[in-house]
Each structure stands twice: as C-alpha cells, then as structure tokens.
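J.: Just passing along the structure, written as structure tokens.
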Amino acid sequence: MEGSIYRDILVKSPFGYAFHEVVYGGQGEPEDYVFLDVNSAFEEITGLNRETILGKRVSEVLSGTGSFDWATFYSMVTPTGERYEFRQYVEPLQRWYRIAAYYPARHYFVALFQEITEEMRRIKTLEAQKERIEELSTELEMVFNGAQDAMFLVRREDGEFRYIRNNEAHQRLTGFSLEDIKGKTPVEVAGRETGEAITAHYQRCADSKRPWTYEETLDLPAGRRTWLTTLTPVLENGAVKYLVGFCKDITLQKKADAELKKRLAYEKMIGGVSQLALQEESLEVFLTESLRLMGEGTGASRAYLFEADRGKGTMSNTFEWTAPGITFQKENLQEIPEAEFTWWMDRLKKREVINYRDIEDISDEATKEILRPQEIKSLLVLPVYVKEEYYGFIGFDDCRQHREWSKADVDLLQMAAELISGYILRKKSEEEILYLSYHDNLTGLYNYRFMEEEIRRLNTTRQLPISIIMGDLNGLKLINDAFGHRAGDLLLQKAAEIIKANCRREDIIARWGGDEFVILLPRTDTKAVEEIVRRIKDRCTLDSGGPIKVSIALGYATKNQAEENIWQVLKEAEEWMYRHKLLEGKSYRNAVISTLKATLFEKSTETEEHATRLAGLCREIGKELGLTEKQLDELELLTVLHDIGKVAISESVLLKPGPLTEKEWEEMRKHPEIGYRIAQNTPELASIAEYILCHHERWDGSGYPRGLKGEEIPLLSRILAVADAYDAMTTDRVYRRAMNREEALAELQRKAGTHFDSEVVNALVRKQGDVFAS
C-alpha cells in the first residue's frame with residue numbers, strides 16, 4: 001500500500017523521474033545503466049517513450065539524442081551514495097531544469113528532473129541587477145574616493161548622528177581614518193566643544209530637510225583647516241535618514257583672503273602714517289598717532305617706541321599706544337640698562353628683527369622677567385635707524401593670543417618703521433637747521449640773530465629792569481697766530497663755558513661776533529648784574545688750565561625805564577667793555593708774550609742763555625755800525641723774540657737730533673711768517689715784525705721766506721743773522737763740538753757776500769778782535 005502511494009506520487013510528480021540499474025564492467029566499475037522506470041514528466045522532458053526504453057541500456061537508448069548529453073551526465077555519477085546535482089538548459093524545449101542523481105541502493109541509480117525556467121529567469125535578472133549594482137557601486141566608489149573634495153556619510157538614528165564612512169580625501173585632509181569615525185558621533189570623534197558645534201549644523205539640516213551650507217574652522221589631526229561644508233539630507237518615509245556631506249578645503253583661500261585683507265589694512269595703515277608724516281609738524285603727535293595707526297592696523301595689543309640714550313647706555317619707552325583693556329607700561333620701562341640685555345641689543349644693532357610667537361621660547365630669563373608682568377604672549381620688535389645710526393626700536397605686543405608674525409607682516413611693518421625713521425630724521429634735521437640758525441656752531445651759545453630777536457621780544461615793561469653784559473675775549477688774534485686757530489677755538493669754548501657756568505638758567509647768552517659775547521638778563525638790576533660780572537672775572541682769574549689763561553673784558557648796562565632805548569643800553573655796555581679792554585689789553589698781551597717765550601724755551605733747543613748772549617753780540621755789532629739807541633732797543637727785543645713763531649712748530653721737528661726731511665724743513669721755514677703775524681697783532685711788537693719775518697733771508701737771495709737780496713733785507717735782520725750764526729758755531733751741540741772763536745769768524749768771512757752782509761761780518765770781526773786784544 002505504502003509503495004503504491006509513493007509510486008503514484010512519482011508518476012504524477014511535476015518533475016521527471018528515471019530509475020536505473022547499474023551495469024558493471026570486468027573491473028567492477030559502472031559501465032552502463034538500464035532503464036527500470038520513468039514517469040510522464042521524464043518523457044515530456046526527454047522526448048523518450050516509456051514503453052520503448054524500459055529494460056534497455058542508457059547507452060543504447062540515448063545514443064544519437066542531441067537534446068542532452070546524457071552519456072556524459074551518467075558517467076559523472078559514481079556509486080558513492082552522494083547526491084549529485086546541477087542545472088541544465090534544454091535547447092529544444094527552451095527550458096531550464098535542475099537535475100539531481102544519487103544511488104538509493106547498491107546497483108541502483110535514480111535521476112530527478114525539475115523545470116526551473118522561471119527560477120533561472122529570475123536568477124538571471126537578479127544576476128544582471130547584481131552586475132549592474134556592482135558596476136554602479138564600482139563607479140560610485142570611484143566617484144566617492146576619487147573626488148578631490150572631502151565626502152562623508154552620516155546616519156541619523158534615534159536622534160543621534162553617527163558616521164557611516166568617509167572618502168579618501170576626507171581621511172587625508174582631516175587625519176581621521178574610516179576606523180576613527182565609523183559608527184561614532186561628532187562629539188566622540190572631535191571632542192565635546194567642536195563636536196557639539198558640528199552636531200548643531202547637522203541638526204539644522206535635518207530640521208529644515210534642505211541642503212545646508214556653512215563655513216567652519218576646525219582643529220583636526222591633520223592640522224587647523226577651514227571648510228566650506230554642504231550637507232544634503234536623504235529622506236525615508238518623509239524623515240531624514242542620512243546626511244551626505246561635501247567638504248571643500250578653503251584654508252588656503254581663506255588664508256589668501258585674510259592676507260589680502262590684512263595687506264590692504266596694512267597698506268591703509270602705511271598710507272595713514274605717510275600722510276601723517278607729510279602733514280603733522282609735531283614729533284610727539286606724529287609718533288603717538290603713528291603707533292595708534294600701526295597698533296590698530298595690525299590688531300596688536302600694544303605698540304611702542306623705545307629710544308636709546310647712548311650717553312647713559314639705557315633704553316626707555318618714550319611713546320606708547322594700547323588697545324582697550326590693555327595696561328600701559330611706559331612708566332615702568334624707563335632707563336633700562338642696555339648692558340643687562342646684550343643679546344637683545346646685539347640683534348637690533350645687527351638690524352635683525354626680534355620675533356617670538358611665544359615669549360617663553362626666549363632663552364634669556366632676565367628678558368622674560370620683564371615681559372611676563374606685561375602679560376605679553378607674542379612680540380615683534382623692529383630696529384629703528386636714523387642716519388645709519390641705531391636710534392631705538394618699535395615693538396608690538398599681543399597679550400591675547402600666541403600670534404605668528406609672518407614675513408609679510410614684518411616686511412610691511414618695516415616699511416612703516418622706515419617712514420617713522422625718515423620722519424624722525426627730517427625733524428632732527430629741521431631741529432639741527434633751526435639750532436644752527438640760532439646757535440653758534442663752535443660754542444653752542446645762541447648767535448647774533450637769535451640774540452637780536454630775543455632783545456626785541458623781551459624789551460617789554462614786564463621784563464624791567466633789563467641788563468646787558470658785553471664781553472670781549474682778550475688776545476684771541478694773538479693766540480690764533482701763535483698757536484693756531486684750533487687753540488683760539490678752544491679758548492673761545494673755554495670762555496663760553498666760564499660764562500655759562502656763572503650765569504643763571506634764565507639768562508640768555510650769545511656769541512655776538514668773532515671774540516665778543518652778549519648776555520641778556522631780564523628782570524635783573526645793576527647790583528645783580530655786577531655780581532654776575534664779578535663771578536665771571538673771578539673764574540677767569542682762577543682758571544689756569546692750558547698754556548693761555550682766559551681773559552674777558554666785560555662791560556654792562558641796565559635799562560630801568562620803559563622809555564629808555566634798549567639798543568642804547570647795549571651800546572653803553574659795549575663802550576664800557578672797550579674801556580676795560582684798553583685797560584686790560586696791554587697787561588694781557590705782555591702775559592701772552594711771556595707765555596710764548598716760556599713755551600718757546602720749553603719746546604725747543606733755544607735757551608734764555610742763548611738769547612742773552614745773542615742780545616750782547618747784536619748790541620756790540622749795532623754800536624760798531626753806529627745804530628741809534630732806539631734801533632739798539634729794537635735789536636735787543638728782536639734777539640729775544642725772533643724765533644717766537646717756533647711755538648707753532650711741532651716739537652718732533654724742533655727737537656729732532658738728526659737732519660730734517662724736506663717736509664720737516666717746509667714746516668720749519670714757516671716760523672718767520674708765524675712770528676711776523678704774532679708781532680703784527682701785538683702793538684708792543686709791531687715795530688720788529690718786519691725784522692722777524694726777514695731774519696732767515698740771505699745776502700745772495702737764497703734765504704726764506706721771500707728770497708730778499710742785499711740791502712732789501714732790513715739791517716737789524718742782517719745783524720741778527722750774523723750774530724745768531726756766530727753764537728751757534730761757538731756753542732756745543734748734541735751732534736758736534738763748538739768751534740773756537742777764530743774758526744767761527746773765519747767761517748763767517750768765507751760766507752760774507754753770499755750768506756751774510758760783509759759789512760756786518762767785518763763789524764763783528766773788529767769787535768771780537770778788540771775783545772781778544774783786551
């Protein structure tokens with residue numbers, strides 16, 4: 001009963017069924033199969049008739065059927081007891097079948113055939129769809145990862161946003177790998193502060209259900225970047241399920257925009273400083289406003305100018321600007337010793353910029369101890385040079401952030417610093433011009449022009465009584481001729497110092513002319529001015545520095561009534577000064593002459609003994625030649641002062657033990673002219689000036705300085721030349737022994753008519769003969 005049921009099921013089943021008996025070969029291997037049973041479905045599938053194939057072998061029945069390679073199929077089934085299954089398309093029927101074969105019992109074999117055409121069609125469709133999906137997926141992957149802009153996908157679930165994936169550009173630009181972000185929220189990836197800001201943008205896009213574009217600057221593992229991000233929502237059943245993010249890195253663009261904006265601001269700032277330099281006359285206002293423009297233009301917290309004091313070796317904050325809320329530091333930064341910050345000064349004096357993003361990077365602890373209390377985080381310092389000399393520096397502090405001062409920043413600020421340097425130079429030049437226009441360059445006192453204006457300005461009733469002192473430096477011309485103009489300049493400077501030291505701060509002192517000084521004393525009566533004159537005179541008397549003592553002839557007058565003429569008061573002071581000069585002049589000149597003589601004896605080989613001997617010889621020769629007493633007196637004065645011009649000759653030449661070089665002789669030959677000028681400017685010596693000038697002339701014209709001949713040479717000069725030569729020959733020298741009298745006279749006679757006047761030589765020979773005879 002049960003078997004018939006199963007058979008009935010097989011016969012009526014929609015799948016083909018074939019039951020075979022296995023035929024074995026001699027070696028026991030399956031050789032063929034005999035059809036024992038098939039159902040109608042098998043007949044339909046194979047086109048075989050059940051009645052004709054039962055009991056026959058498969059090889060016999062299936063040979064020549066082209067619809068299916070049954071022989072190969074049956075040969076593939078081995079008696080292992082395992083099920084063997086495959087799909088096969090039957091071309092004549094244009095159908096697909098699933099074929100399964102197995103051994104249900106030893107020596108028997110079953111094949112089952114099921115039509116699966118629809119299933120295969122669906123599979124083919126699915127495979128085609130899969131292939132297309134794979135193609136699209138590959139294309140999308142190429143697009144996703146090949147895009148230059150960063151892309152990412154976010155899933156919205158239970159009110160949270162979690163990353164699904166990011167492309168290679170996003171990984172590269174952010175520094176976040178897929179593993180870093182997958183399944184995580186923005187807070188988990190980027191931290192609370194940044195993550196919450198990102199989540200707010202995601203939420204805004206989800207709420208609006210529209211694309212949302214925004215800029216954001218983030219500190220990421222790959223560095224600080226600015227993004228232009230666009231979020232596109234993907235909806236499912238009307239709700240946002242996903243967000244597709246596109247991020248364009250605009251860091252360089254934003255940086256370029258910022259640089260351009262900053263450059264425009266800097267150029268505006270430089271233009272402002274430049275315009276200020278052209279329009280502003282006050283140095284203080286210019287520097288204060290320039291620092292404000294530079295500070296605001298750079299966004300600094302503090303801008304300042306330090307000026308160096310070379311005399312003190314210090315630097316001081318002289319001008320300062322601060323942003324709102326920033327503390328002024330000017331009062332705390334005065335007269336800072338440069339020696340305590342040698343590294344700082346060395347760099348500035350090498351024209352180097354000092355630029356620190358973080359002051360803690362400065363290695364010098366002393367510097368940081370000054371900067372920290374000022375709450376400075378970053379600083380930039382630029383040296384300022386005026387006329388190629390170090391003047392100080394301009395500094396910029398940032399007290400709010402650690403700021404990176406770029407090369408572009410430095411270059412533009414150096415342009416502004418150069419404008420400030422140029423303005424300072426111009427103002428200093430103007431001040432120098434103004435100073436020179438109102439001051440005497442030698443003494444530093446006011447000049448004639450300034451004093452005239454001050455006399456007019458102060459000639460008011462409110463300034464009464466007004467006193468004027470006029471002074472004249474005694475012997476300046478004589479000093480210039482004797483010691484040179486440098487010595488005269490020093491004497492003028494010394495006189496100016498004495499006058500300034502003994503006047504009051506409110507007194508106005510000027511160099512009125514070459515050797516004249518004027519002192520204007522507002523609100524000063526006669527008694528007070530007399531005291532000042534006394535102090536100046538006492539100081540001149542006490543002053544003994546240098547070879548020449550300062551002597552100033554002083555006169556004064558006072559205007560007591562408004563109707564008095566101030567210029568008449570000046571004239572009165574001048575007249576009184578000249579009266580004193582006449583009284584003091586002779587004694588001062590005598591003092592100068594004595595000083596000159598002493599100086600001459602001190603710095604040369606000339607001695608007072610030589611002068612005494614020379615005076616005796618000249619007097620004897622003069623008497624022999626019948627000179628008057630006046631001429632003899634002049635001759636005696638000439639013997640003492642004929643070499644006075646040697647005071648202006650260097651000691652190295654005067655005291656040289658060996659022969660002089662041509663250049664040294666050239667200097668030595670100047671002394672008669674120098675002596676002549678000294679005598680000419682001294683009334684007491686004017687009568688012998690010409691004799692001094694000619695005392696080295698020779699009878700034959702080979703002398704100096706003018707090359708006079710014979711009687712063109714003054715007689716007194718000829719007498720002095722013979723006497724001087726005789727005394728020189730009869731006196732021991734360092735380089736030779738003295739001649740005896742006869743040898744010296746013989747030498748003079750040999751040179752008579754060439755070097756010397758024969759008449760004068762003969763007169764000396766006669767006198768020396770008389771002396772010898774006696």
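Each chain in the structure tokens gets a letter, A, B and so on, in the order shown; residues start at 1 in every chain, and ligands are counted from 1 in the order they appear.
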Determine which residues of region 208-450 of chain A DSSP labels as alpha helix (DSSP H) from the backbone of this structure, then write them out as JSON, numbers by chain.
T.: {"A": [208, 251, 252, 253, 254, 255, 256, 257, 258, 259, 260, 261, 262, 263, 264, 265, 266, 267, 268, 269, 270, 271, 272, 273, 274, 275, 276, 277, 278, 279, 283, 284, 285, 286, 287, 288, 289, 290, 291, 292, 293, 294, 295, 296, 297, 298, 342, 343, 344, 345, 346, 347, 348, 349, 365, 366, 367, 368, 369, 370, 371, 407, 408, 409, 410, 411, 412, 413, 414, 415, 416, 417, 418, 419, 420, 421, 422, 423, 424, 425, 426, 427, 428, 429, 430, 431, 432, 433, 434, 435, 436, 437, 438, 448, 449, 450]}
J.: If you run DSSP over the backbone, which residues in region 157-304 of chain A end up strand (DSSP E)? Put them as a ChimeraX atom specification.
T.: /A:157,160-166,212-220,223-236,239-249,302-304
J.: Which residues are close to Leu287 (chain A), i.e. within 10 Å by only C-alpha atoms, leaving aside same-chain residues fewer than 2 positions away? Reply as a PyMOL selection string.
T.: chain A and resi 273+276-277+280+282-285+289-293+304-305+318-321+420+423-424
J.: Residues near region 225-230 of chain A, anyone? I mean within 12 Å using only C-alpha atoms, not counting same-chain ones fewer than 4 positions away, as a PyMOL selection string.
T.: chain A and resi 149-153+170+173-175+198+201-202+204-205+210-221+243-255
